[in-house]
Each structure stands twice: as C-alpha cells, then as structure tokens.
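Enquirer: One structure is given below, represented as structure tokens, and several questions about it will come after.
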Amino acid sequence: MSLITTLLAFVVALGTLVVVHEFGHYLIARLCGVKVLRFSVGFGRVLVSRRWGRDQTEWALAAFPLGGYVKMLDEREGPVPTQELDRAFNRQTVYKRFAIVMAGPVANFILAIFIYWVLFMHGVPGSRPVVDAPAASTPAAAAAFEKGDTIVAIGGHSVQTWEEVRLALLKHAVARDAVELQTNSEDGNSQTRRLDLSGIDSDKVNSDFLDVVGLVPMKGGPRPVLETVIPGSVAERAGIAPGDRILAIDGAPIASWDALVKTIRAKPGVPLDLQLRRANGSQTTLHLTPETAQENGTAIGKIGVGPFINVQYPVGSALWHGVKKTWEMSAFTLEMLGRMIIGEVSLKNLSGPITIADYAGQSAQMGWMAYVSFMALISISLGVLNLLPVPVLDGGHLMYYTAEIIRGRPVSERALEIGQRIGMVLLFSLMAFAIYNDIYRLVGG
C-alpha cells in the first residue's frame, strides 16, 4: 500500500465528512435566516477562497485540514450593520440556535444512513460464520464449540456473516458479560451455547479479539456450501441452487471450499458428477461440464458459484436497516467512550489521524464498498464526538442552550469563557493521547 494512496484516501474521506458536517450547519443557518460569512474546510491560513451567492459567502480551503467551520454574522465577533441585526446568529431564538448547531452532527448521521442504505440495496457480500475447532483455554472451547459449527444467532438476534458476529460479540466483550449463541452443527443439529466473555482483557476489544475468544473461520476455507449461484451460469443451468452443499465430485469427497475450487479449476470442459445435499436435507446427483476460462495463459474450469452470501434488501427495508445500523453503531461508540472514561475499556483503543489514515488506505485498496463503509463508520464517530457536552464542540454549545431554555436566560459570558478554556484543554489532551497511541502502534505496537 503506497503512502500516496493512504494520504489520498484519507484526504478524500476526511474532506467529505467535514463538508457534510459543515453543510449541515450552513443549510439550517440559511433556513433560519442567518447570514453566513465564511464556509471553511480546514483551519488557519486561507489557501484558496471564492465568494458566491446573494450574501457573497466566502468558500475557503484552509491550511490545517483536520476540521472546518461555518462563520456566521454575530455581534460578539464584530460590529453588525443595523439593517442586518435580524440576521445575526446571536439575535436568533435559542431554539433556532440549537437547530443550527445540532444540524452538523445530524448531517453526519444522515450521511451514514445514506451510505448503509445504498450498500444494503446493492448487496453486501459476507462469509457465513462457520468456525474452526477453538484453541484450548478460550471461551469458545469452554462453551464446547466444535469445528464446522455455524453461528446463526447471538443473544436472540440472527446473524448471517462474520462481520455481524464480530460486532455483536464486541458489544458483549465490552460489557464483559455472557451471551447465548445458537449454532447449527455440520449434520444440521441446532444447539445453544453460552459464551462467557467476562474474562476478555479490555486491551483486546479493539484488536481482532475473536482470536482471543477462540472463534475463527474454519481453516481451508468455509464448507463447500454454494451461497451464490450466478444467473445463467453452468451451475444454474444444471439445477444448482443457493444453499446446496457439494458432498463429492466423481465420487471423491469434497470437505472444503478450497478443495471444491481446486477440483473444478482442474477440470475445464470435463463432464462431472456432483453429489449434493440440498438445503432441505435431501441428496441428489447433478451432471455438468465446467466452462473453460483463461487465467494467465492457463485453461481453468468455472461453474459460476461463490462461497459468499449477499446481504441485500429492497429499497424500504434497506433504508430501515441503514437507520438501524447507524443507531446501533452510534450507541456502541457512545458506550465505548463512556467505558473509557470510567476505566472499563483501555484508552489504548483511542485512535488518532495516523491510524484513521491507515484504515482509509487499507479500505480503499479493498474496494469501494469497504471504503464507503469506513466513511460511514467515521461519519458516525464524528457525529457522536461532536455531540459530547464538551465546550468548543457542538455538544458544548447545545449544553449551554439547554441551560438557557431551562433558566430562561443565556449563560453568562464568564461561564462561557471558562468553559472554552476547559474544553480546549480536554480536546487537545484527547488529541495528544490519540496521536501517542498512533505513534506507539507504528513504533512499538
């Protein structure tokens, strides 16, 4: 992965999220009749700027890219012409000011919902959670998991992919509790297993903690279950359907997906007998001939099947699942922050701009779906962080406005000044610690 790719992916992701966040503030400010003087992506010295619109708003790109701001007409920041006093931010009702400030984080949540909506309509590929034999002394071994078990539900909620399993178990690992998992064995028997995660070290919850739990994908690839059958392919024409499992080819047992691929690739144009077990448990034999394809000058066989399921929903359901996932990720982010504050989760899990840039580059190389999923996750984090009741953040202003609504009068200028100082100290301390974690991961982690 090149440094240029990482930096470009980071700049595009961060720039998009900042623009969306600030545009939320800008849009609601305009709807509330407030005059916007500057829309800036970045802080510090202005590098490039242009003025557009009836109000000649300055649209600027500044030197320090980690953030942005919308500058509105405000008597506290300079003299305001008498004819424009009604358009000053400080002259608006507390409810309008609340809406303008709230709009930034809300825009980030809306972006995440939109991304997940598009992904769920398009279809999100994933690998079915079939486990290998757990290592000794792991929670999975204590729960008597066996090689070939498929996880179908966690805590009463169905799961289809390893990604869903990881997120669901991560929540329970953070809470350090036990959870019941429903599994199906290789012979189709359903069982309930109790997985105790109370002993998971808080330092492990942000790494690939499934290794620590003892739940890892089955070696040699998943079982030869045909999750995807390409329309019009050799497999579909032969009568193969999603959910069928290959038991043997020409009498030779097939135990893993890797073995299936190896056998099919080695038989281009050769008639084969496939023994299948249908999803309903019945067995049959089908005949097909793999089509011939060229790969690096070598003829290989293909039948048009895949091991990945496609999690896909119609338009309405996709939107609901987008909202649901955004809500769940927001709640989980907030829970993680809370547990860090009280010491139940290690502060080593904080990530700064270096780690985020690294993840941006990795996800970009994995494809557009991984990249936009990463953007949705960071957008949620940005929205949650900005809603924290810390002065200088949006949440700090909302805290002041809430106090104003309750008290019937604004918070004093002195209280605002003290709050700003405290907020700056907290924010820079948090950023310094996150960057320290980034450097530690690069140098010694």
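Here's how to read the names in the structure tokens: chain A, B, ... by the order shown, residue numbers from 1 in each chain, ligand numbers from 1 in the order shown.
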Using only C-alpha atoms, which residues sit within 8 Å of segment 410-412 of chain A once same-chain residues fewer than 6 positions away are excluded, as a list of chain:residue names?
Expert: A:Tyr400, A:Tyr401, A:Ala403, A:Glu404
Enquirer: I'd like the neighbourhood of segment 36-38 of chain A as JSON, numbers by chain, where a residue qualifies if any of its atoms comes within 9 Å (using only C-alpha atoms), though same-chain residues fewer than 3 positions away should be ignored.
Expert: {"A": [26, 29, 30, 51, 55, 56, 57, 58, 59, 60, 69, 70, 71, 72, 73]}
Enquirer: Just the number, please: distance in Å from atom CA of Gly251 of chain A to atom CA of Lys267 of chain A, one decimal.
Expert: 14.6 Å
Enquirer: Can you tell me which residues surround Ala168 of chain A at a distance of at most 10 Å, considering only C-alpha atoms, apart from same-chain residues fewer than 5 positions away, and format the answer as an NGL selection string?
Expert: :A and (153-155 or 157 or 159 or 162-163 or 173 or 179)
Enquirer: Write the residues of the selection above to a file with all heavy atoms, as a PDB file, in the first residue's frame.
Expert:
```pdb
ATOM      1  N   ALA A 153     -27.322 -17.198  15.453  1.00  0.00           N
ATOM      2  CA  ALA A 153     -27.947 -16.142  16.249  1.00  0.00           C
ATOM      3  C   ALA A 153     -27.097 -15.860  17.474  1.00  0.00           C
ATOM      4  O   ALA A 153     -26.446 -16.762  18.019  1.00  0.00           O
ATOM      5  CB  ALA A 153     -29.359 -16.524  16.670  1.00  0.00           C
ATOM      6  N   ILE A 154     -27.099 -14.598  17.904  1.00  0.00           N
ATOM      7  CA  ILE A 154     -26.375 -14.174  19.107  1.00  0.00           C
ATOM      8  C   ILE A 154     -27.327 -13.342  19.956  1.00  0.00           C
ATOM      9  O   ILE A 154     -27.852 -12.324  19.494  1.00  0.00           O
ATOM     10  CB  ILE A 154     -25.124 -13.344  18.750  1.00  0.00           C
ATOM     11  CG1 ILE A 154     -24.144 -14.186  17.934  1.00  0.00           C
ATOM     12  CG2 ILE A 154     -24.448 -12.816  20.016  1.00  0.00           C
ATOM     13  CD1 ILE A 154     -22.922 -13.421  17.444  1.00  0.00           C
ATOM     14  N   GLY A 155     -27.546 -13.802  21.182  1.00  0.00           N
ATOM     15  CA  GLY A 155     -28.454 -13.076  22.067  1.00  0.00           C
ATOM     16  C   GLY A 155     -29.857 -12.957  21.513  1.00  0.00           C
ATOM     17  O   GLY A 155     -30.558 -11.981  21.771  1.00  0.00           O
ATOM     18  N   HIS A 157     -30.662 -12.583  18.383  1.00  0.00           N
ATOM     19  CA  HIS A 157     -30.700 -11.838  17.120  1.00  0.00           C
ATOM     20  C   HIS A 157     -29.936 -12.612  16.048  1.00  0.00           C
ATOM     21  O   HIS A 157     -28.784 -13.012  16.264  1.00  0.00           O
ATOM     22  CB  HIS A 157     -30.083 -10.445  17.298  1.00  0.00           C
ATOM     23  CG  HIS A 157     -30.789  -9.610  18.325  1.00  0.00           C
ATOM     24  ND1 HIS A 157     -31.998  -8.994  18.089  1.00  0.00           N
ATOM     25  CD2 HIS A 157     -30.457  -9.298  19.603  1.00  0.00           C
ATOM     26  CE1 HIS A 157     -32.378  -8.342  19.159  1.00  0.00           C
ATOM     27  NE2 HIS A 157     -31.460  -8.505  20.101  1.00  0.00           N
ATOM     28  N   VAL A 159     -27.739 -13.667  12.881  1.00  0.00           N
ATOM     29  CA  VAL A 159     -26.542 -13.147  12.219  1.00  0.00           C
ATOM     30  C   VAL A 159     -26.291 -13.987  10.976  1.00  0.00           C
ATOM     31  O   VAL A 159     -26.580 -15.183  10.952  1.00  0.00           O
ATOM     32  CB  VAL A 159     -25.309 -13.185  13.154  1.00  0.00           C
ATOM     33  CG1 VAL A 159     -25.462 -12.188  14.286  1.00  0.00           C
ATOM     34  CG2 VAL A 159     -25.070 -14.585  13.713  1.00  0.00           C
ATOM     35  N   TRP A 162     -19.626 -13.101   9.253  1.00  0.00           N
ATOM     36  CA  TRP A 162     -18.604 -12.925  10.291  1.00  0.00           C
ATOM     37  C   TRP A 162     -18.565 -11.481  10.784  1.00  0.00           C
ATOM     38  O   TRP A 162     -18.306 -11.226  11.959  1.00  0.00           O
ATOM     39  CB  TRP A 162     -17.228 -13.321   9.753  1.00  0.00           C
ATOM     40  CG  TRP A 162     -16.913 -14.767   9.911  1.00  0.00           C
ATOM     41  CD1 TRP A 162     -16.772 -15.692   8.915  1.00  0.00           C
ATOM     42  CD2 TRP A 162     -16.704 -15.476  11.144  1.00  0.00           C
ATOM     43  NE1 TRP A 162     -16.497 -16.932   9.455  1.00  0.00           N
ATOM     44  CE2 TRP A 162     -16.437 -16.824  10.816  1.00  0.00           C
ATOM     45  CE3 TRP A 162     -16.709 -15.096  12.485  1.00  0.00           C
ATOM     46  CZ2 TRP A 162     -16.182 -17.791  11.774  1.00  0.00           C
ATOM     47  CZ3 TRP A 162     -16.461 -16.070  13.447  1.00  0.00           C
ATOM     48  CH2 TRP A 162     -16.203 -17.392  13.099  1.00  0.00           C
ATOM     49  N   GLU A 163     -18.832 -10.520   9.903  1.00  0.00           N
ATOM     50  CA  GLU A 163     -18.836  -9.125  10.328  1.00  0.00           C
ATOM     51  C   GLU A 163     -19.909  -8.893  11.393  1.00  0.00           C
ATOM     52  O   GLU A 163     -19.675  -8.208  12.390  1.00  0.00           O
ATOM     53  CB  GLU A 163     -19.083  -8.204   9.130  1.00  0.00           C
ATOM     54  CG  GLU A 163     -19.079  -6.724   9.507  1.00  0.00           C
ATOM     55  CD  GLU A 163     -19.443  -5.819   8.347  1.00  0.00           C
ATOM     56  OE1 GLU A 163     -19.722  -6.333   7.251  1.00  0.00           O
ATOM     57  OE2 GLU A 163     -19.466  -4.596   8.556  1.00  0.00           O
ATOM     58  N   ALA A 173     -18.309  -8.237  24.714  1.00  0.00           N
ATOM     59  CA  ALA A 173     -16.958  -8.247  25.279  1.00  0.00           C
ATOM     60  C   ALA A 173     -16.686  -6.955  26.036  1.00  0.00           C
ATOM     61  O   ALA A 173     -16.055  -6.966  27.100  1.00  0.00           O
ATOM     62  CB  ALA A 173     -15.926  -8.450  24.170  1.00  0.00           C
ATOM     63  N   VAL A 179     -23.200 -14.453  26.859  1.00  0.00           N
ATOM     64  CA  VAL A 179     -24.255 -14.366  25.861  1.00  0.00           C
ATOM     65  C   VAL A 179     -24.502 -15.755  25.268  1.00  0.00           C
ATOM     66  O   VAL A 179     -23.583 -16.578  25.177  1.00  0.00           O
ATOM     67  CB  VAL A 179     -23.870 -13.369  24.745  1.00  0.00           C
ATOM     68  CG1 VAL A 179     -22.592 -13.801  24.031  1.00  0.00           C
ATOM     69  CG2 VAL A 179     -25.002 -13.186  23.751  1.00  0.00           C
TER      70      VAL A 179
END
```
Enquirer: Hey, can you check how far atom CA of Gln83 of chain A sits from atom CA of Val34 of chain A?
Expert: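 So the answer is 13.0 Å.
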Enquirer: DSSP on the backbone, then: every residue of segment 76-320 of chain A marked strand (DSSP E or B), written as a ChimeraX atom specification.
Expert: /A:124-127,130-131,150-154,157-158,178-184,190-196,217,225-226,228-229,244-249,252-253,272-277,283-288,291-295,298-302,305-306,308-311
Enquirer: So, counting only C-alpha atoms, which residue among A:Ile151, A:Val11, A:Ile418, A:Val305 is closest to Arg237 of chain A?
Expert: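 Under the stated criterion, the closest residue is A:Val305.
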Enquirer: Could you tell me how far atom CA of His172 of chain A sits from atom CA of Arg194 of chain A, in Å to one decimal place?
Expert: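 Atom CA of Arg194 of chain A sits 12.1 Å away from atom CA of His172 of chain A.
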